[in-house]
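Structure file final_15.cif (mmCIF, C-alpha atoms) follows.
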```cif
data_run
loop_
_atom_site.label_atom_id
_atom_site.label_comp_id
_atom_site.auth_asym_id
_atom_site.auth_seq_id
_atom_site.Cartn_x
_atom_site.Cartn_y
_atom_site.Cartn_z
CA MET R 583 20.09 65.09 11.11
CA GLU R 584 18.49 62.28 9.21
CA GLU R 585 14.85 61.67 10.05
CA ALA R 586 14.21 58.39 11.86
CA GLY R 587 12.89 55.69 9.54
CA GLU R 588 13.78 57.67 6.39
CA VAL R 589 14.30 55.42 3.40
CA GLN R 590 17.91 55.20 2.27
CA THR R 591 18.07 55.66 -1.49
CA PRO R 592 21.18 55.21 -3.62
CA GLU R 593 22.98 58.41 -4.54
CA VAL R 594 23.72 57.29 -8.06
CA GLU R 595 21.37 55.98 -10.70
CA LEU R 596 22.30 52.38 -11.32
CA PRO R 597 22.39 50.88 -14.80
CA ASP R 598 20.15 47.90 -15.51
CA ASP R 599 23.14 45.58 -15.80
CA ALA R 600 24.74 46.82 -12.62
CA PRO R 601 26.88 44.14 -10.99
CA GLU R 602 26.02 42.98 -7.49
CA GLY R 603 28.64 45.27 -5.93
CA LEU R 604 26.80 48.39 -7.09
CA ARG R 605 23.43 47.32 -5.72
CA VAL R 606 22.99 48.57 -2.17
CA GLY R 607 20.12 46.17 -1.51
CA LEU R 608 16.67 46.92 -0.15
CA PRO R 609 16.60 47.98 3.52
CA TRP R 610 15.28 44.47 4.35
CA GLU R 611 18.42 42.96 2.76
CA ARG R 612 21.04 45.20 4.39
CA VAL R 613 22.89 44.71 7.67
CA ASP R 614 21.19 47.85 9.00
CA PRO R 615 18.17 47.98 9.39
CA GLY R 616 18.00 44.44 7.97
CA MET R 617 15.21 41.99 8.72
CA SER R 618 13.63 44.13 11.42
CA PRO R 619 10.31 46.01 11.72
CA GLY R 620 12.09 49.19 10.55
CA GLY R 621 13.60 47.41 7.57
CA LEU R 622 10.21 45.93 6.73
CA MET R 623 8.45 49.30 6.79
CA GLN R 624 11.17 51.02 4.74
CA THR R 625 11.16 48.25 2.16
CA LEU R 626 7.37 48.27 1.97
CA ARG R 627 7.31 52.02 1.47
CA LEU R 628 9.91 51.76 -1.28
CA LEU R 629 8.20 48.88 -3.06
CA LEU R 630 4.71 50.34 -2.89
CA PHE R 631 5.48 53.93 -3.78
CA SER R 632 8.84 53.89 -5.63
CA PRO R 633 8.96 50.43 -7.21
CA GLY R 634 11.41 51.47 -9.93
CA ALA R 635 13.99 52.72 -7.41
CA ALA R 636 13.33 49.72 -5.14
CA PHE R 637 14.02 47.15 -7.83
CA GLN R 638 17.10 49.09 -9.00
CA MET R 639 18.64 48.66 -5.56
CA MET R 640 17.38 45.09 -4.95
CA ARG R 641 20.17 42.51 -4.64
CA ILE R 642 20.35 40.01 -7.47
CA GLN R 643 22.85 37.57 -5.95
CA GLY R 644 23.47 35.90 -2.61
CA VAL R 645 21.16 34.11 -0.21
CA MET R 646 17.45 33.84 -0.91
CA SER R 647 16.33 33.96 2.74
CA ALA R 648 15.52 37.68 2.80
CA PRO R 649 13.05 37.75 -0.13
CA ILE R 650 11.42 34.44 0.88
CA VAL R 651 10.98 35.50 4.53
CA PHE R 652 9.59 38.86 3.30
CA LEU R 653 7.01 37.05 1.15
CA VAL R 654 6.03 34.41 3.70
CA LEU R 655 5.76 36.93 6.56
CA LEU R 656 3.60 39.44 4.71
CA GLY R 657 1.74 36.72 2.81
CA THR R 658 0.72 34.99 6.04
CA ILE R 659 -0.36 38.26 7.66
CA GLY R 660 -2.25 39.24 4.49
CA THR R 661 -3.94 35.84 4.29
CA PHE R 662 -4.96 36.18 7.95
CA MET R 663 -6.50 39.59 7.25
CA GLY R 664 -8.31 38.24 4.19
CA PHE R 665 -9.58 35.30 6.24
CA MET R 666 -10.75 37.67 8.97
CA TRP R 667 -12.71 39.89 6.56
CA GLN R 668 -14.16 36.79 4.89
CA SER R 669 -15.29 35.34 8.23
CA TRP R 670 -16.76 38.67 9.26
CA ALA R 671 -18.71 38.96 5.98
CA ARG R 672 -19.86 35.34 6.28
CA VAL R 673 -21.16 35.88 9.82
CA MET R 674 -22.88 39.16 8.88
CA LEU R 675 -24.57 37.74 5.79
CA GLY R 676 -25.29 34.44 7.54
CA SER R 677 -27.01 36.15 10.46
CA MET R 678 -29.19 38.10 8.02
CA ALA R 679 -30.09 34.90 6.18
CA ASP R 680 -30.61 32.89 9.41
CA THR R 681 -27.86 30.45 8.47
CA PRO R 682 -27.34 27.88 11.28
CA PHE R 683 -24.37 28.67 13.51
CA ARG R 684 -22.95 25.18 12.88
CA ASP R 685 -22.70 25.86 9.12
CA LEU R 686 -20.99 29.21 9.74
CA ALA R 687 -18.53 27.66 12.19
CA LEU R 688 -17.76 24.85 9.74
CA ALA R 689 -17.15 27.31 6.88
CA ASN R 690 -14.89 29.43 9.09
CA SER R 691 -12.95 26.35 10.23
CA TYR R 692 -12.06 25.70 6.58
CA GLY R 693 -10.72 29.27 6.56
CA VAL R 694 -8.54 28.51 9.59
CA MET R 695 -7.15 25.45 7.79
CA SER R 696 -6.33 27.57 4.73
CA PHE R 697 -4.56 30.06 7.01
CA VAL R 698 -2.45 27.26 8.52
CA VAL R 699 -1.27 26.01 5.12
CA ALA R 700 -0.86 29.58 3.77
CA PRO R 701 2.96 29.78 4.18
CA PHE R 702 3.52 26.58 2.17
CA PHE R 703 0.88 27.48 -0.39
CA ILE R 704 2.35 30.97 -0.87
CA MET R 705 5.85 29.56 -1.43
CA VAL R 706 4.61 26.98 -3.93
CA MET R 707 2.56 29.58 -5.81
CA ALA R 708 5.55 31.96 -5.92
CA ALA R 709 7.73 29.16 -7.34
CA VAL R 710 5.10 28.31 -9.97
CA ALA R 711 4.63 31.98 -10.90
CA THR R 712 8.40 32.41 -11.17
CA GLY R 713 8.60 29.47 -13.58
CA VAL R 714 5.72 30.76 -15.68
CA HIS R 715 7.00 34.36 -15.84
CA HIS R 716 10.55 33.25 -16.62
CA LEU R 717 9.42 30.87 -19.37
CA CYS R 718 7.22 33.62 -20.82
CA MET R 719 10.19 36.00 -20.87
CA LEU R 720 12.20 33.34 -22.72
CA VAL R 721 9.35 32.87 -25.20
CA PHE R 722 9.01 36.62 -25.75
CA GLY R 723 12.68 37.27 -26.47
CA GLY R 724 14.88 36.27 -23.55
CA ALA R 725 15.53 36.66 -19.83
CA PRO R 726 18.99 38.20 -19.34
CA ARG R 727 19.28 37.16 -15.69
CA PRO R 728 18.74 33.69 -14.13
CA ALA R 729 15.45 32.43 -12.73
CA ASP R 730 16.40 33.05 -9.08
CA VAL R 731 16.43 36.78 -9.88
CA THR R 732 12.85 36.42 -11.18
CA LEU R 733 11.97 34.63 -7.91
CA ARG R 734 13.38 37.57 -5.91
CA VAL R 735 11.19 39.98 -7.92
CA VAL R 736 8.09 37.81 -7.40
CA CYS R 737 8.78 37.52 -3.65
CA TYR R 738 9.12 41.28 -3.11
CA ALA R 739 6.29 42.22 -5.50
CA TRP R 740 3.80 39.75 -4.03
CA GLY R 741 4.93 40.35 -0.45
CA ALA R 742 4.38 44.10 -0.72
CA SER R 743 1.02 43.59 -2.44
CA TYR R 744 -0.34 41.48 0.44
CA VAL R 745 -0.51 44.72 2.46
CA TRP R 746 -3.64 45.63 0.49
CA MET R 747 -5.40 42.66 2.10
CA PHE R 748 -5.89 44.90 5.12
CA ILE R 749 -8.64 46.62 3.11
CA PRO R 750 -11.96 44.77 3.43
CA ALA R 751 -13.98 43.56 0.43
CA CYS R 752 -11.82 44.78 -2.45
CA GLY R 753 -8.39 44.23 -0.85
CA GLY R 754 -7.77 40.95 -2.65
CA LEU R 755 -8.50 42.47 -6.04
CA ILE R 756 -6.27 45.48 -5.37
CA ALA R 757 -3.50 43.16 -4.16
CA ALA R 758 -3.72 41.04 -7.31
CA VAL R 759 -3.54 44.04 -9.65
CA TRP R 760 -0.85 45.78 -7.58
CA GLY R 761 1.17 42.57 -7.47
CA ALA R 762 1.04 42.26 -11.25
CA VAL R 763 2.09 45.89 -11.71
CA LEU R 764 4.97 45.53 -9.24
CA THR R 765 6.09 42.30 -10.92
CA ILE R 766 6.12 44.01 -14.32
CA SER R 767 8.12 46.92 -12.89
CA GLY R 768 10.53 44.54 -11.16
CA LEU R 769 11.14 42.35 -14.21
CA ARG R 770 11.77 45.46 -16.33
CA GLU R 771 14.22 47.01 -13.89
CA VAL R 772 16.06 43.86 -12.81
CA HIS R 773 16.26 41.97 -16.10
CA GLY R 774 16.72 45.19 -18.08
CA ILE R 775 14.09 44.19 -20.62
CA PRO R 776 11.56 46.48 -22.35
CA GLY R 777 8.38 47.19 -20.40
CA GLY R 778 6.26 45.54 -23.09
CA ARG R 779 8.10 42.23 -22.74
CA ALA R 780 7.86 42.38 -18.95
CA ALA R 781 4.14 43.15 -19.19
CA ALA R 782 3.62 40.29 -21.64
CA ALA R 783 5.49 37.86 -19.35
CA VAL R 784 3.16 38.75 -16.48
CA ILE R 785 -0.18 39.36 -18.23
CA VAL R 786 -0.18 36.67 -20.94
CA PRO R 787 -0.45 33.75 -18.42
CA TYR R 788 -3.59 35.35 -16.94
CA VAL R 789 -5.03 35.90 -20.43
CA VAL R 790 -4.26 32.29 -21.39
CA ALA R 791 -5.90 31.03 -18.19
CA GLY R 792 -8.98 33.14 -18.99
CA CYS R 793 -9.08 31.80 -22.55
CA CYS R 794 -8.83 28.21 -21.24
CA LEU R 795 -11.77 28.85 -18.90
CA MET R 796 -13.81 30.30 -21.76
CA LEU R 797 -12.92 27.32 -23.95
CA ILE R 798 -14.02 24.93 -21.19
CA TRP R 799 -17.38 26.74 -21.00
CA VAL R 800 -17.75 26.57 -24.80
CA LEU R 801 -16.95 22.83 -24.75
CA LEU R 802 -19.49 22.26 -21.99
CA ALA R 803 -22.18 24.27 -23.81
CA THR R 804 -21.51 22.38 -27.04
CA THR R 805 -21.77 19.04 -25.23
CA MET R 806 -25.02 20.05 -23.52
CA LEU R 807 -26.55 21.32 -26.77
CA ALA R 808 -25.52 18.11 -28.54
CA SER R 809 -27.14 15.98 -25.81
CA VAL R 810 -30.36 18.02 -26.01
CA ALA R 811 -30.47 17.69 -29.80
CA MET O 624 25.82 40.43 5.74
CA SER O 625 29.47 39.43 5.58
CA ALA O 626 30.72 37.08 2.85
CA ALA O 627 31.29 34.26 5.35
CA ALA O 628 27.82 34.65 6.86
CA SER O 629 26.30 34.80 3.39
CA HIS O 630 28.15 31.60 2.45
CA ARG O 631 26.86 29.84 5.59
CA MET O 632 23.30 30.98 4.85
CA GLY O 633 23.63 29.76 1.25
CA ARG O 634 24.68 26.31 2.47
CA LEU O 635 21.83 26.26 5.02
CA GLU O 636 19.35 27.14 2.25
CA ALA O 637 20.71 24.32 0.07
CA TRP O 638 20.37 21.83 2.94
CA LEU O 639 16.81 23.02 3.60
CA VAL O 640 15.89 22.46 -0.06
CA ALA O 641 17.48 19.00 0.13
CA LEU O 642 15.50 18.20 3.30
CA VAL O 643 12.17 19.35 1.83
CA GLY O 644 12.85 17.52 -1.45
CA THR O 645 13.77 14.28 0.33
CA THR O 646 10.71 14.51 2.58
CA ALA O 647 8.45 15.03 -0.44
CA LEU O 648 10.05 12.07 -2.18
CA VAL O 649 9.65 9.75 0.84
CA VAL O 650 6.02 10.82 1.47
CA ALA O 651 5.06 10.47 -2.20
CA ARG O 652 6.74 7.06 -2.49
CA ASN O 653 4.96 5.70 0.56
CA TYR O 654 1.61 7.33 0.07
CA PRO O 655 0.02 6.80 -3.35
CA VAL O 656 -2.62 9.52 -3.32
CA TRP O 657 -4.50 8.42 -6.42
CA ARG O 658 -5.08 4.90 -5.08
CA ASP O 659 -6.61 6.11 -1.82
CA HIS O 660 -8.80 8.60 -3.69
CA ILE O 661 -7.63 11.37 -1.39
CA TYR O 662 -7.12 14.27 -3.71
CA VAL O 663 -8.81 17.58 -4.32
CA ALA O 664 -10.95 17.37 -7.43
CA CYS O 665 -10.22 20.00 -10.06
CA PRO O 666 -13.13 22.51 -10.10
CA ALA O 667 -13.26 22.44 -13.92
CA TRP O 668 -13.62 18.65 -13.87
CA ALA O 669 -15.94 18.52 -10.83
CA ILE O 670 -18.33 21.24 -12.00
CA LEU O 671 -18.09 21.16 -15.78
CA GLY O 672 -16.89 17.63 -16.47
CA VAL O 673 -14.11 18.97 -18.69
CA PRO O 674 -10.43 18.56 -17.72
CA CYS O 675 -8.38 21.74 -17.26
CA PRO O 676 -4.83 21.93 -18.71
CA ALA O 677 -3.36 20.79 -15.37
CA CYS O 678 -5.82 17.96 -14.61
CA GLY O 679 -4.03 14.79 -13.53
CA ALA O 680 -0.74 16.59 -12.85
CA THR O 681 -0.70 15.76 -9.12
CA ARG O 682 -1.40 12.10 -9.85
CA ALA O 683 1.25 12.16 -12.60
CA VAL O 684 3.87 13.51 -10.19
CA ALA O 685 2.89 10.90 -7.58
CA ALA O 686 3.08 8.13 -10.21
CA VAL O 687 6.56 9.26 -11.31
CA LEU O 688 7.74 9.13 -7.70
CA GLN O 689 6.25 5.62 -7.45
CA GLY O 690 8.27 4.64 -10.51
CA GLU O 691 5.18 4.08 -12.66
CA LEU O 692 6.20 6.16 -15.68
CA GLY O 693 3.59 4.77 -18.08
CA GLN O 694 0.77 5.58 -15.67
CA ALA O 695 2.30 9.01 -15.03
CA PHE O 696 2.38 9.93 -18.72
CA ALA O 697 -1.20 8.63 -19.07
CA TRP O 698 -2.39 10.98 -16.30
CA ASN O 699 -0.67 14.11 -17.63
CA PRO O 700 2.39 14.00 -19.94
CA LEU O 701 3.63 17.51 -19.07
CA GLY O 702 3.13 16.88 -15.35
CA ALA O 703 5.19 13.68 -15.65
CA LEU O 704 7.93 15.53 -17.55
CA ALA O 705 7.96 18.32 -14.93
CA ALA O 706 8.34 15.71 -12.16
CA LEU O 707 11.20 14.00 -14.00
CA ALA O 708 12.87 17.40 -14.55
CA ALA O 709 12.51 18.21 -10.83
CA ILE O 710 14.04 14.85 -9.84
CA VAL O 711 17.07 15.65 -12.00
CA LEU O 712 17.36 19.40 -11.37
CA VAL O 713 16.74 19.66 -7.61
CA PRO O 714 19.80 17.54 -6.65
CA ILE O 715 21.88 19.52 -9.18
CA GLY O 716 20.66 22.78 -7.62
CA VAL O 717 21.43 21.54 -4.12
CA ALA O 718 24.90 20.33 -5.16
CA ALA O 719 25.58 23.72 -6.79
CA GLY O 720 24.29 25.52 -3.68
CA LEU O 721 26.66 23.49 -1.49
CA GLY O 722 29.55 24.28 -3.84
CA TRP O 723 30.11 20.64 -4.84
CA ILE O 724 29.67 21.43 -8.54
CA THR O 725 29.75 24.62 -10.57
CA ARG O 726 26.38 26.21 -11.12
CA PRO O 727 25.00 25.15 -14.53
CA GLN O 728 24.46 27.97 -16.99
CA ILE O 729 20.80 28.38 -17.94
CA PRO O 730 20.29 29.89 -21.41
CA THR O 731 19.09 33.49 -21.40
CA THR O 732 17.59 33.29 -24.88
CA LEU O 733 15.91 30.48 -26.78
CA GLY O 734 15.88 29.60 -30.47
CA LEU O 735 12.70 29.77 -32.51
CA GLY O 736 12.17 25.99 -32.28
CA ALA O 737 12.43 25.92 -28.50
CA ARG O 738 10.09 28.91 -28.19
CA ALA O 739 7.56 27.25 -30.49
CA ALA O 740 7.84 24.04 -28.44
CA LEU O 741 7.13 25.96 -25.23
CA ILE O 742 3.91 27.26 -26.79
CA VAL O 743 2.83 24.06 -28.55
CA ALA O 744 3.57 21.61 -25.69
CA PRO O 745 0.88 22.88 -23.26
CA ILE O 746 -1.67 23.07 -26.08
CA ALA O 747 -0.89 19.51 -27.21
CA ASN O 748 -0.98 18.34 -23.59
CA TRP O 749 -4.45 19.80 -23.06
CA ALA O 750 -5.68 18.38 -26.35
CA TYR O 751 -4.51 14.95 -25.14
CA LEU O 752 -6.30 15.43 -21.79
CA LEU O 753 -9.53 16.49 -23.51
CA ALA O 754 -9.38 13.38 -25.71
CA ALA O 755 -8.29 11.00 -22.93
CA PHE O 756 -10.78 12.11 -20.28
CA GLU O 757 -13.71 12.72 -22.60
CA GLY O 758 -17.02 11.77 -21.03
#
```

What is this file in structure tokens?
Amino acid sequence: MEEAGEVQTPEVELPDDAPEGLRVGLPWERVDPGMSPGGLMQTLRLLLFSPGAAFQMMRIQGVMSAPIVFLVLLGTIGTFMGFMWQSWARVMLGSMADTPFRDLALANSYGVMSFVVAPFFIMVMAAVATGVHHLCMLVFGGAPRPADVTLRVVCYAWGASYVWMFIPACGGLIAAVWGAVLTISGLREVHGIPGGRAAAAVIVPYVVAGCCLMLIWVLLATTMLASVA
Amino acid sequence: MSAAASHRMGRLEAWLVALVGTTALVVARNYPVWRDHIYVACPAWAILGVPCPACGATRAVAAVLQGELGQAFAWNPLGALAALAAIVLVPIGVAAGLGWITRPQIPTTLGLGARAALIVAPIANWAYLLAAFEG
């Protein structure tokens, strides 16, 4: 008898260009277990520990509700956990430094506001990231599948990564790195592109952002030195 | 999910996108953020006094939706272009989602010129912002 909650994996290895009919879909996308706690746990387990297999079975056509709900649900829970750890650290450090309660309460109320807007913010950020990754793939040699497939990958990769926010202190960092790794794996499996191109499409935007920040600092330092001289 | 249910969900998603897009358009048209000075200052600009590559993009989008194209391109040319592209592409996407038109084919590869433009455009945009907002 099949163990309860066991992850259903496809019996055949699917080619990268498998048509929609051959993709069984992630448990979250299927009729059974579907968008239920069981489907969520099975999908999470697949994405976190067998990302290659997960993205090989992920649907690449049809409605977008499943991946977006997956992202928003886990993203909101993850943001709440991050906010909770942040508030806890703020109160602990504030009490050691004799910070007035009013200041702590004010800082934590900003956190509550960020939690309230988290679902919208997460969706906007996912859309922006999808555009950037897809454009980068086009720049680096082509994206065989349309942009909505890239959005599905980003939704599942980011959604699964938000689970790491349950870990205090370093959860955000782990989630960011894990999300990038899952996105690379997903783009490679779903678009059928080489791993190097997928990695470039994900990592290059971060490198460019870092370079821009460094350039801003250099510009500022140059301006300050010029004003002193 | 059956094909009929999937079709219904697809139409619902398209209507939701249309609703959100229309709401954004109405809010932006009736609420000029840059005139009321209610916007979040870019950290790069606020702390360092140097514009980041996306500085002015929000105001550019708002200006496009107000119909002030010259002002929009002055704030951030790429932001203005992105807003214009969204105004054209979102209704096309919604119409395709509702099955009113066939889904437009998006190229899967780009020529060398287009790839070079995708790299040069953000650099040129930032260079313009650095020159325009200097000091």

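Taken over the whole file, the PyMOL selection byres ((chain O and resi 673) around 9) covers exactly Ile798, Trp799, Leu801 and Leu802 of chain R; Ala667, Trp668, Ala669, Ile670, Leu671, Gly672, Pro674, Cys675, Leu753, Phe756, Glu757 and Gly758 of chain O.
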
(-3.1, 8.8, -19.6) in this file's frame - what residues fall within 9 Å of it? Use all atoms listed in the file and give the answer as number ranges by chain. O: 679, 683, 693-700, 751-752, 755-756

Exercise answer, chain R residues close to chain O, 10 Å and all atoms listed in the file, as a PyMOL selection string: chain R and resi 611-614+616+644-647+716-729+791+794-795+797-799+801-803+805

For the residues in that selection, give me C-alpha atoms as a PDB file, in the coordinates of the input.
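And here's result-v9.pdb as it stands now:
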```pdb
ATOM      1  CA  GLU R 611      18.420  42.960   2.760  1.00  0.00           C
ATOM      2  CA  ARG R 612      21.040  45.200   4.390  1.00  0.00           C
ATOM      3  CA  VAL R 613      22.890  44.710   7.670  1.00  0.00           C
ATOM      4  CA  ASP R 614      21.190  47.850   9.000  1.00  0.00           C
ATOM      5  CA  GLY R 616      18.000  44.440   7.970  1.00  0.00           C
ATOM      6  CA  GLY R 644      23.470  35.900  -2.610  1.00  0.00           C
ATOM      7  CA  VAL R 645      21.160  34.110  -0.210  1.00  0.00           C
ATOM      8  CA  MET R 646      17.450  33.840  -0.910  1.00  0.00           C
ATOM      9  CA  SER R 647      16.330  33.960   2.740  1.00  0.00           C
ATOM     10  CA  HIS R 716      10.550  33.250 -16.620  1.00  0.00           C
ATOM     11  CA  LEU R 717       9.420  30.870 -19.370  1.00  0.00           C
ATOM     12  CA  CYS R 718       7.220  33.620 -20.820  1.00  0.00           C
ATOM     13  CA  MET R 719      10.190  36.000 -20.870  1.00  0.00           C
ATOM     14  CA  LEU R 720      12.200  33.340 -22.720  1.00  0.00           C
ATOM     15  CA  VAL R 721       9.350  32.870 -25.200  1.00  0.00           C
ATOM     16  CA  PHE R 722       9.010  36.620 -25.750  1.00  0.00           C
ATOM     17  CA  GLY R 723      12.680  37.270 -26.470  1.00  0.00           C
ATOM     18  CA  GLY R 724      14.880  36.270 -23.550  1.00  0.00           C
ATOM     19  CA  ALA R 725      15.530  36.660 -19.830  1.00  0.00           C
ATOM     20  CA  PRO R 726      18.990  38.200 -19.340  1.00  0.00           C
ATOM     21  CA  ARG R 727      19.280  37.160 -15.690  1.00  0.00           C
ATOM     22  CA  PRO R 728      18.740  33.690 -14.130  1.00  0.00           C
ATOM     23  CA  ALA R 729      15.450  32.430 -12.730  1.00  0.00           C
ATOM     24  CA  ALA R 791      -5.900  31.030 -18.190  1.00  0.00           C
ATOM     25  CA  CYS R 794      -8.830  28.210 -21.240  1.00  0.00           C
ATOM     26  CA  LEU R 795     -11.770  28.850 -18.900  1.00  0.00           C
ATOM     27  CA  LEU R 797     -12.920  27.320 -23.950  1.00  0.00           C
ATOM     28  CA  ILE R 798     -14.020  24.930 -21.190  1.00  0.00           C
ATOM     29  CA  TRP R 799     -17.380  26.740 -21.000  1.00  0.00           C
ATOM     30  CA  LEU R 801     -16.950  22.830 -24.750  1.00  0.00           C
ATOM     31  CA  LEU R 802     -19.490  22.260 -21.990  1.00  0.00           C
ATOM     32  CA  ALA R 803     -22.180  24.270 -23.810  1.00  0.00           C
ATOM     33  CA  THR R 805     -21.770  19.040 -25.230  1.00  0.00           C
TER      34      THR R 805
END
```

Give me the residues within 12 Å of R:Met623 as an MDAnalysis selection string, counting all atoms listed in the file and dropping any in the same chain fewer than 3 places off. chainID R and resid 586:589 608:610 615:620 626:631 652 656 742 745

Could you expand the PyMOL selection byres ((chain O and resi 642-648) around 12) into the explicit residues it covers here, written as a PyMOL selection string? (chain R and resi 702) or (chain O and resi 635-641+649-655+684-690+706+709-714+716-717)
